[in-house]
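Here is the structure we will look at, set down as structure tokens.
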Amino acid sequence: MSVSEKENKFRLLFEQSADAMMILDGNVCIDCNPAAVEMFGGSDKNQLLSLRLSDLSPANQPDGTLSREKEKEHIATAIKQGRNRFEWIHRRITGEEFPAEVLLTAIHVQGVKIIHATLRDISERKQTEEDLGKERELRTKFIQSAPVFFVAIDGNGHTLMMNEAMLQAVGYKLDEVVGKDYLSNFVPEADHQLVSEIFDSLVVSKEPTLNENNLLTKDGQQLLVEWHGWPILKKNGELEYFFGVGIDITENKRAEEALKAALSEVEQLKNRLEKENLYLQDEIKVTHNFEEIIGTSKALKKVLGKVEQVAATDCTVLILGETGTGKELIARAIHNISGRSDRPLVKVNCAALPANIIESELFGHEKGAFTGAYARKIGRFELANCGTIFLDEIGDLQLDLQVKLLRVLQDGEFERLGNPNTIKVDVRIIAATNRDLEKAIENGTFREDLYYRLNVFPIKMPSLRERKEDIPFLVNHFVKKHGKKIGKKIDFIPQNVMDQLLSYHWPGNIRGLENIIERAVIVCKGNRLEPGDWLPRKFSNPTPVGMTTLEEVERVHILKVLEMTHWQVSGEKGAAKILGLNQNTLVSRMKKLNIKR
């Protein structure tokens with residue numbers, strides 16, 4: 001092949017090459033192929049001839065150096081070493097910049113050294129590398145910021161990485177863990193064999209596994225961790241490293257063990273209470289077993305007899321008696337042995353509910369019936385349908401609501417606030433009060449027709465003064481009840497203590513007795529109920545000198561307690577707590593007795 005033929009063949013390869021090619025004489029382009037023209041966005045090669053590489057580039061390269069100075073270095077290296085490969089930022093004639101891979105080759109032509117430049121646009125490759133870099137960065141940030149543990153361990157058991165959550169848990173910094181033997185530094189010795197077996201199984205199975213083992217912290221504490229571990233393999237299938245994701249389940253396990261212990265304790269208490277439940281209960285049985293009602297007195301047995309008589313019927317019951325005599329217990333007993341016992345017993349304290357919401361509580365309301373009625377509400381009478389409703393402190397009910405209550409008693413129907421449609425219910429009514437309703441009728445604060453509707457079957461609760469023989473049983477019951485509550489066991493009640501309790505007139509009745517016994521159990525230091533400041537010695541005289549009526553006695557007693565508490569009515573140290581009264585009941589009694597500071 002002649003020289004001319006070779007030159008033609010090389011020329012053909014030069015012109016048809018997919019890579020951009022340029023011939024540089026010194027630094028200046030003297031020839032280029034069509035691919036180079038296309039790369040730089042030109043229309044013919046004349047646009048590129050006589051230009052330098054730096055003329056087709058921005059003034060500065062990414063490293064901050066001048067393109068013209070960098071060009072000289074690259075060409076000098078190519079001449080010295082024969083070739084030079086590097087990456088370069090070029091600029092098209094349109095002004096668009098792009099990265100290129102440049103290969104400069106120094107060749108001799110007829111005794112003259114010229115430079116052959118091959119250029120390849122690497123924009124797509126750079127974008128792919130950038131995307132992969134962002135993905136790796138995102139993955140790294142996710143692992144580092146995740147609240148779970150991440151750890152990587154090489155095939156020799158050395159720690160490669162821990163994320164921030166795990167580092168905080170074990171108490172190390174990253175440079176303190178990298179390269180350290182994982183077993184000896186971060187696993188308790190008792191778990192070494194278990195973790196070694198897990199690693200071995202991962203090597204064999206090359207499949208993910210789930211396990212629990214302890215993690216050793218820097219200060220010697222142990223955390224129980226649930227691990228999801230799997231092997232990371234090389235392309236040839238060999239093990240590269242282990243990767244684990246863990247969740248600290250230490251507190252969960254403690255809670256689980258505590259729950260098991262609590263359930264076991266509850267079961268033991270249940271069995272013990274079932275055995276102790278028979279104690280003294282034979283003394284308070286008539287026909288049915290009234291477990292919550294303590295006592296053997298004739299007065300109490302008379303009440304329980306009435307409960308049995310009326311429970312099987314649906315007639316209205318009115319329970320009368322002083323505060324703290326157990327009116328609610330009697331109401332519950334009537335409901336529990338009635339034919340409605342499988343339905344709810346709904347309680348309403350007519351004295352405790354504010355006047356502006358009691359109608360809504362009793363009869364319900366529709367959405368928008370009044371300001372603040374944001375949703376429909378079912379009233380207590382609807383909730384008690386086919387069951388029993390217990391209207392406590394009925395003597396404090398407003399007159400306008402007494403009319404509505406009378407209608408329910410007569411016809412079993414009412415309307416919700418904001419709804420004209422009539423609702424019919426089948427409800428058994430039990431009412432209770434410590435007020436003299438006949439006197440309230442005379443004063444115009446209670447409707448006579450409602451009174452006669454409620455007073456179908458009255459039950460008068462005896463005061464504790466009328467059933468003092470029950471005090472020893474009640475004292476024993478409350479001592480055991482509150483002793484269990486605070487973890488004390490009191491085995492002996494001295495007779496002098498019991499005598500003082502028997503001599504007191506108990507204006508707060510059973511509730512007052514329970515409050516005093518509760519305080520006594522709290523301050524008691526041994527297993528004997530010793531006399532102390534909790535005993536009401538200074539009030540032991542049932543009738544203060546010069547007083548003739550019960551109201552006068554009550555007024556003096558309430559005043560003394562208020563003075564003793566510095567007129568604090570509510571709270572643990574308030575007069576209501578000491579007297580064994582509901583706060584609202586005490587306020588009501590103070591108004592009635594005209595007690596003012």
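As shown in the structure tokens, the chain order sets the letters A, B, ...; within each chain, residues go from 1, and ligands are also counted from 1 in the order they appear.
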
### Query
If you count only C-alpha atoms, which residues fall within 9 Å of Gly321 of chain A, apart from same-chain ones fewer than 5 positions away, as a PyMOL selection string?
chain A and resi 326-327+432-435+459-463

### Message
I'd like the neighbourhood of Gly64 of chain A as a VMD selection string, where a residue qualifies if any of its atoms comes within 12 Å (using only C-alpha atoms), though same-chain residues fewer than 6 positions away should be ignored.
### Response
chain A and resid 58 70 89

### Task
Considering only C-alpha atoms, return as a ChimeraX atom specification whatever protein or nucleic-acid residues lie within 9 Å of Arg453 of chain A, sequence-local ones (same chain, fewer than 5 positions apart) excluded.
/A:316,406,409-410,448

#### Entry: 12 Å contact set for Leu167 of chain A, only C-alpha atoms, chain neighbours under 6 positions out, as a ChimeraX atom specification
/A:144-151,161,173-178,186,215-218

Go ahead and save the residues from that selection, with N, CA and C atoms, as a CSV table (one decimal), in the first residue's frame.
```csv
chain,number,residue,atom,x,y,z
A,144,GLN,N,-27.8,7.4,59.0
A,144,GLN,CA,-27.3,8.1,60.2
A,144,GLN,C,-28.4,8.7,61.0
A,145,SER,N,-29.5,9.2,60.4
A,145,SER,CA,-30.5,9.9,61.2
A,145,SER,C,-31.6,9.0,61.6
A,146,ALA,N,-31.7,7.7,61.2
A,146,ALA,CA,-32.7,6.8,61.6
A,146,ALA,C,-32.7,6.6,63.1
A,147,PRO,N,-33.9,6.4,63.7
A,147,PRO,CA,-33.9,6.2,65.2
A,147,PRO,C,-33.6,4.7,65.5
A,148,VAL,N,-33.5,3.8,64.5
A,148,VAL,CA,-33.1,2.4,64.8
A,148,VAL,C,-31.6,2.3,64.7
A,149,PHE,N,-31.0,1.1,65.1
A,149,PHE,CA,-29.6,0.9,65.0
A,149,PHE,C,-29.2,0.3,63.7
A,150,PHE,N,-28.1,0.8,63.1
A,150,PHE,CA,-27.5,0.2,61.9
A,150,PHE,C,-26.0,-0.1,62.3
A,151,VAL,N,-25.6,-1.3,61.9
A,151,VAL,CA,-24.2,-1.7,62.1
A,151,VAL,C,-23.7,-2.6,60.9
A,161,MET,N,-19.0,0.2,60.6
A,161,MET,CA,-19.8,1.4,60.7
A,161,MET,C,-20.9,1.2,61.8
A,173,LYS,N,-17.9,7.2,70.3
A,173,LYS,CA,-17.8,8.0,69.1
A,173,LYS,C,-17.4,7.1,67.9
A,174,LEU,N,-17.7,7.5,66.7
A,174,LEU,CA,-17.4,6.6,65.5
A,174,LEU,C,-16.0,6.2,65.4
A,175,ASP,N,-15.0,7.1,65.7
A,175,ASP,CA,-13.6,6.7,65.6
A,175,ASP,C,-13.2,5.7,66.7
A,176,GLU,N,-14.1,5.5,67.7
A,176,GLU,CA,-13.8,4.6,68.8
A,176,GLU,C,-14.3,3.2,68.5
A,177,VAL,N,-15.1,3.0,67.5
A,177,VAL,CA,-15.7,1.7,67.2
A,177,VAL,C,-15.2,1.1,65.9
A,178,VAL,N,-14.8,2.0,64.9
A,178,VAL,CA,-14.4,1.4,63.6
A,178,VAL,C,-13.1,0.6,63.8
A,186,PHE,N,-18.7,-5.2,72.0
A,186,PHE,CA,-20.1,-4.7,72.0
A,186,PHE,C,-21.1,-5.8,72.3
A,215,LEU,N,-26.8,-6.0,73.8
A,215,LEU,CA,-25.7,-5.1,73.3
A,215,LEU,C,-25.0,-4.5,74.5
A,216,LEU,N,-23.7,-4.5,74.5
A,216,LEU,CA,-22.9,-4.0,75.7
A,216,LEU,C,-22.6,-2.5,75.4
A,217,THR,N,-22.9,-1.7,76.4
A,217,THR,CA,-22.6,-0.3,76.3
A,217,THR,C,-21.2,0.0,76.9
A,218,LYS,N,-20.7,1.2,76.7
A,218,LYS,CA,-19.4,1.6,77.2
A,218,LYS,C,-19.3,1.6,78.7
```

### Task
Select from segment 365-466 of chain A everything DSSP, run on the backbone, classes as helix (DSSP H, G or I), then give the selection as a PyMOL selection string.
chain A and resi 380-383+394-396+399-411+437-443+448-454+464-466

#### Entry: Test item, strand (DSSP E) assignment across segment 85-316 of chain A, answer as a PyMOL selection string
chain A and resi 85-91+97-109+112-121+149-154+159-162+209-216+222-233+239-248

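For the residues A:Thr325, A:Glu438, A:Arg125, A:Lys484, ranking by smallest atom-to-atom distance to Tyr452 of chain A using only C-alpha atoms places A:Glu438 first.
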
### Task
Compare A:Leu502, A:Val317, A:Gly379, A:Ser588 by their minimum atom-to-atom distance to Asn455 of chain A, counting only C-alpha atoms, and give me the closest one.
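Among the listed residues, A:Val317 lies closest to Asn455 of chain A.
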
### Task
Between atom CA of Glu226 of chain A and atom CA of Glu265 of chain A, measure the distance and give it in Å to one decimal.
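Pair atom CA of Glu226 of chain A / atom CA of Glu265 of chain A returns 28.6 Å.
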
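Here atom CA of Leu224 of chain A stands at a distance of 21.5 Å from atom CA of Leu160 of chain A.
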
### Message
One number please: atom CA of Met498 of chain A to atom CA of Leu300 of chain A, in Å, one decimal.
### Response
20.3 Å

### Message
For Ile394 of chain A, find every residue with an atom within 12 Å (counting only C-alpha atoms), except residues of its own chain fewer than 5 positions away, and show them as a ChimeraX atom specification.
### Response
/A:317-320,347-353,389,399,401-402,405,429-437,440,445-447,450-451,454-455

### Message
At a cut-off of 7 Å, using only C-alpha atoms, what residues contact Ala100 of chain A? Leave out same-chain residues fewer than 2 positions from it and give the result as an NGL selection string.
### Response
:A and (87-90 or 98 or 102 or 119-122)

Residue selection dump (N, CA and C atoms) as a PDB file, in the first residue's frame:
```
ATOM      1  N   GLU A  87      -9.836  15.398  32.109  1.00  0.00           N
ATOM      2  CA  GLU A  87     -11.208  15.895  31.927  1.00  0.00           C
ATOM      3  C   GLU A  87     -11.167  17.412  31.856  1.00  0.00           C
ATOM      4  N   TRP A  88     -12.029  17.996  31.002  1.00  0.00           N
ATOM      5  CA  TRP A  88     -11.950  19.421  30.685  1.00  0.00           C
ATOM      6  C   TRP A  88     -13.363  19.958  30.485  1.00  0.00           C
ATOM      7  N   ILE A  89     -13.587  21.175  30.919  1.00  0.00           N
ATOM      8  CA  ILE A  89     -14.878  21.814  30.668  1.00  0.00           C
ATOM      9  C   ILE A  89     -14.758  22.649  29.407  1.00  0.00           C
ATOM     10  N   HIS A  90     -15.586  22.318  28.392  1.00  0.00           N
ATOM     11  CA  HIS A  90     -15.604  23.054  27.131  1.00  0.00           C
ATOM     12  C   HIS A  90     -16.858  23.896  27.039  1.00  0.00           C
ATOM     13  N   PHE A  98     -20.048  22.060  28.776  1.00  0.00           N
ATOM     14  CA  PHE A  98     -20.219  20.618  28.940  1.00  0.00           C
ATOM     15  C   PHE A  98     -18.884  19.990  29.312  1.00  0.00           C
ATOM     16  N   VAL A 102     -10.628  14.325  27.419  1.00  0.00           N
ATOM     17  CA  VAL A 102      -9.701  14.718  26.347  1.00  0.00           C
ATOM     18  C   VAL A 102      -8.468  13.818  26.385  1.00  0.00           C
ATOM     19  N   LEU A 119     -11.717  14.065  21.710  1.00  0.00           N
ATOM     20  CA  LEU A 119     -12.600  14.614  22.742  1.00  0.00           C
ATOM     21  C   LEU A 119     -13.888  13.805  22.784  1.00  0.00           C
ATOM     22  N   ARG A 120     -14.345  13.499  23.964  1.00  0.00           N
ATOM     23  CA  ARG A 120     -15.591  12.735  24.129  1.00  0.00           C
ATOM     24  C   ARG A 120     -16.482  13.455  25.149  1.00  0.00           C
ATOM     25  N   ASP A 121     -17.721  13.768  24.760  1.00  0.00           N
ATOM     26  CA  ASP A 121     -18.696  14.427  25.642  1.00  0.00           C
ATOM     27  C   ASP A 121     -19.115  13.432  26.738  1.00  0.00           C
ATOM     28  N   ILE A 122     -18.849  13.769  27.999  1.00  0.00           N
ATOM     29  CA  ILE A 122     -19.172  12.855  29.115  1.00  0.00           C
ATOM     30  C   ILE A 122     -20.288  13.427  29.999  1.00  0.00           C
TER      31      ILE A 122
END
```

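Compared by their closest atoms to Val521 of chain A, and using only C-alpha atoms, the residues A:Asn214, A:Asn476, A:Ser338, A:Gln500 rank with A:Asn476 nearest.
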